[in-house]
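Peer 1: Next up is a structure, given as structure tokens.
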Amino acid sequence: KNQVEQSPQSLIILEGKNCTLQCNYTVSPFSNLRWYKQDTGRGPVSLTIMTFSENTKSNGRYTATLDADTKQSSLHITASQLSDSASYICVVTDRGSTLGRLYFGRGTQLTVWP
Amino acid sequence: EADIYQTPRYLVIGTGKKITLECSQTMGHDKMYWYQQDPGMELHLIHYSYGVNSTEKGDLSSESTVSRIRTEHFPLTLESARPSHTSQYLCASSADTLGTEAFFGQGTRLTVV
């Protein structure tokens, strides 16, 4: 069964600190992995996309890593800001269907305190 | 900012009423999706469409129905709302190329009382 598991479920950090969010998946055949940020009451917005051949990709203070062999990804946030408070969702796309089915994790709820 | 719009943003409605959630995108995307999301839970696919006159049910069983008469428009209808339909409904679209980003609307928070 194709699944996406994220940890931790929730995380509280102080402003300015770094944090790392984890994503493990069993989706196969694998196409790509995206990290989305979802603010409360809003739709998810893509932060990064990782394909099979990519190990690391950065987008400002966000750095995503991918180990396709162990099927693990991480999202590292540096120098956190209050506006980083949101749910971070790992989404894996398969390439075994025309649709390119998206598989969603439950997300990590990040809270940044001043 | 993605050009995909959902209306209404919030809806409180009585049991038994018929409702339609609107979703429109101006990006010319062929693929469109409806997801249902409860608080703190993952998104569940309830409907999707490859293009005009194409609609399919998703992974999560839903009593709602959809239509795709125009490329840019993908409305979702509940014929008779019930409290169990209370949830957030997210619409998304993507280009017809594997791996392209899915763009999400702001969502409709539905409460059935």
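Starting from 1 in every chain, residues are counted up; chains themselves are A, B, ... following the order of the structure tokens, and ligands are numbered from 1 as listed.
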What's the 7 Å shell around Lys18 in chain B, counting only C-alpha atoms, without same-chain residues fewer than 6 positions away, as a PyMOL selection string?
Peer 2: chain B and resi 78-81
Peer 1: With a cut-off of 9 Å, could you pull out the residues of chain A touching chain B and give me the nearest pair of atoms for each, distance in Å to one decimal, using only C-alpha atoms, ordered by chain and ascending number, as a tab-separated table?
Peer 2:
residue	atom	partner	partner_atom	distance
A:Ser31	CA	B:Gly99	CA	6.7
A:Asn32	CA	B:Gly99	CA	6.3
A:Leu33	CA	B:Gly99	CA	8.7
A:Arg34	CA	B:Glu101	CA	8.5
A:Gly41	CA	B:Gly107	CA	7.3
A:Arg42	CA	B:Gln106	CA	4.6
A:Gly43	CA	B:Gln106	CA	4.5
A:Pro44	CA	B:Phe104	CA	6.1
A:Val45	CA	B:Phe104	CA	7.0
A:Ser46	CA	B:Glu101	CA	7.3
A:Ile49	CA	B:Glu101	CA	8.3
A:Thr51	CA	B:Gly99	CA	8.5
A:Ser87	CA	B:Gly40	CA	8.7
A:Ile89	CA	B:Glu42	CA	8.3
A:Thr93	CA	B:Gly99	CA	6.9
A:Asp94	CA	B:Gly99	CA	8.7
A:Arg95	CA	B:Leu98	CA	7.2
A:Thr98	CA	B:Leu98	CA	8.0
A:Leu99	CA	B:Tyr50	CA	7.6
A:Gly100	CA	B:Leu98	CA	5.8
A:Leu102	CA	B:Leu45	CA	8.7
A:Tyr103	CA	B:Leu43	CA	8.6
A:Phe104	CA	B:Glu42	CA	6.1
A:Gly105	CA	B:Glu42	CA	5.8
A:Arg106	CA	B:Glu42	CA	4.0
A:Gly107	CA	B:Glu42	CA	6.8
A:Thr108	CA	B:Gly40	CA	9.0
A:Gln109	CA	B:Gly40	CA	8.1
Peer 1: Quick one: everything within 7 Å of Thr26 in chain A, counting only C-alpha atoms, minus sequence neighbours fewer than 3 positions away in the same chain. Send it as a PyMOL selection string.
Peer 2: chain A and resi 2-4+71
Peer 1: CA of Trp35 in chain A and CA of Pro8 in chain B, how far apart in Å?
Peer 2: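 Interatomic distance here is 26.8 Å.
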Peer 1: For each of A:Phe30, A:Arg101, A:Ile12, A:Thr48, take the minimum atom-to-atom distance to Met32 in chain B, counting only C-alpha atoms, then give the residue where this is smallest.
Peer 2: A:Arg101
Peer 1: Tell me, as a VMD selection string, which residues lie within 10 Å of range 56-60 of chain A, counting only C-alpha atoms; anything in the same chain fewer than 2 positions away does not count.
Peer 2: chain A and resid 47 to 51 53 to 54 62 to 67 73 to 78
Peer 1: Enumerate as a VMD selection string all residues of chain B assigned to strand (DSSP E) by DSSP on the backbone, naming them with the chain letters and numbers the document uses.
Peer 2: chain B and resid 4 to 7 10 to 13 19 to 25 31 to 37 44 to 51 54 to 57 65 to 66 76 to 78 87 to 94 103 to 104 108 to 112
Peer 1: So which residues touch Thr26 in chain B within 8 Å, counting only C-alpha atoms, skipping near sequence neighbours fewer than 5 positions away, as a list in words?
Peer 2: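 Near Thr26 in chain B, the qualifying residues are Asp3, Ile4 and Glu72 of chain B.
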Peer 1: Pick from B:Lys17, B:His73, B:His47, B:Lys57: nearest to Asp30 in chain B, with only C-alpha atoms counted?
Peer 2: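 With only C-alpha atoms as the atom set, the closest residue is B:His73.
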Peer 1: If you measure from CA of Ser54 in chain B to CA of Trp34 in chain B, what distance in Å do you get, rounded to one decimal?
Peer 2: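 CA of Ser54 in chain B sits 13.6 Å away from CA of Trp34 in chain B.
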Peer 1: Would you mind listing what lies within 7 Å of Ser85 in chain A as a PDB file with all heavy atoms, in the first residue's frame, with only C-alpha atoms counted and same-chain residues fewer than 4 positions away left out?
Peer 2:
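Wrote it out as around_35.pdb, contents follow:
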ATOM      1  N   LEU A 110       3.990  22.900  12.615  1.00  0.00           N
ATOM      2  CA  LEU A 110       5.092  23.658  13.206  1.00  0.00           C
ATOM      3  C   LEU A 110       4.563  24.953  13.815  1.00  0.00           C
ATOM      4  O   LEU A 110       3.829  25.701  13.161  1.00  0.00           O
ATOM      5  CB  LEU A 110       6.146  23.986  12.147  1.00  0.00           C
ATOM      6  CG  LEU A 110       7.305  24.878  12.613  1.00  0.00           C
ATOM      7  CD1 LEU A 110       8.148  24.161  13.661  1.00  0.00           C
ATOM      8  CD2 LEU A 110       8.171  25.307  11.431  1.00  0.00           C
ATOM      9  N   THR A 111       4.961  25.189  15.054  1.00  0.00           N
ATOM     10  CA  THR A 111       4.619  26.445  15.731  1.00  0.00           C
ATOM     11  C   THR A 111       5.916  27.129  16.135  1.00  0.00           C
ATOM     12  O   THR A 111       6.757  26.513  16.800  1.00  0.00           O
ATOM     13  CB  THR A 111       3.754  26.206  16.970  1.00  0.00           C
ATOM     14  OG1 THR A 111       2.577  25.505  16.590  1.00  0.00           O
ATOM     15  CG2 THR A 111       3.369  27.527  17.625  1.00  0.00           C
ATOM     16  N   VAL A 112       6.079  28.365  15.716  1.00  0.00           N
ATOM     17  CA  VAL A 112       7.262  29.143  16.064  1.00  0.00           C
ATOM     18  C   VAL A 112       6.849  30.203  17.090  1.00  0.00           C
ATOM     19  O   VAL A 112       5.972  31.025  16.821  1.00  0.00           O
ATOM     20  CB  VAL A 112       7.880  29.817  14.831  1.00  0.00           C
ATOM     21  CG1 VAL A 112       9.120  30.610  15.235  1.00  0.00           C
ATOM     22  CG2 VAL A 112       8.237  28.774  13.778  1.00  0.00           C
TER      23      VAL A 112
END
Peer 1: Please measure the separation of CA of Thr7 in chain B and CA of Ile19 in chain B, giving the value in Å to one decimal.
Peer 2: 11.5 Å
Peer 1: Here is a test: counting only C-alpha atoms, which residue of B:Leu110, B:Pro75, B:Leu11, B:Leu60 is nearest to Tyr35 in chain B?
Peer 2: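 Going through B:Leu110, B:Pro75, B:Leu11, B:Leu60 one by one, the smallest distance to Tyr35 in chain B is for B:Leu60.
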Peer 1: I need the residue nearest Val92 in chain A from this list: A:Asn24, A:Thr70, A:Leu11, A:Gln38. Use only C-alpha atoms for the distance.
Peer 2: A:Asn24
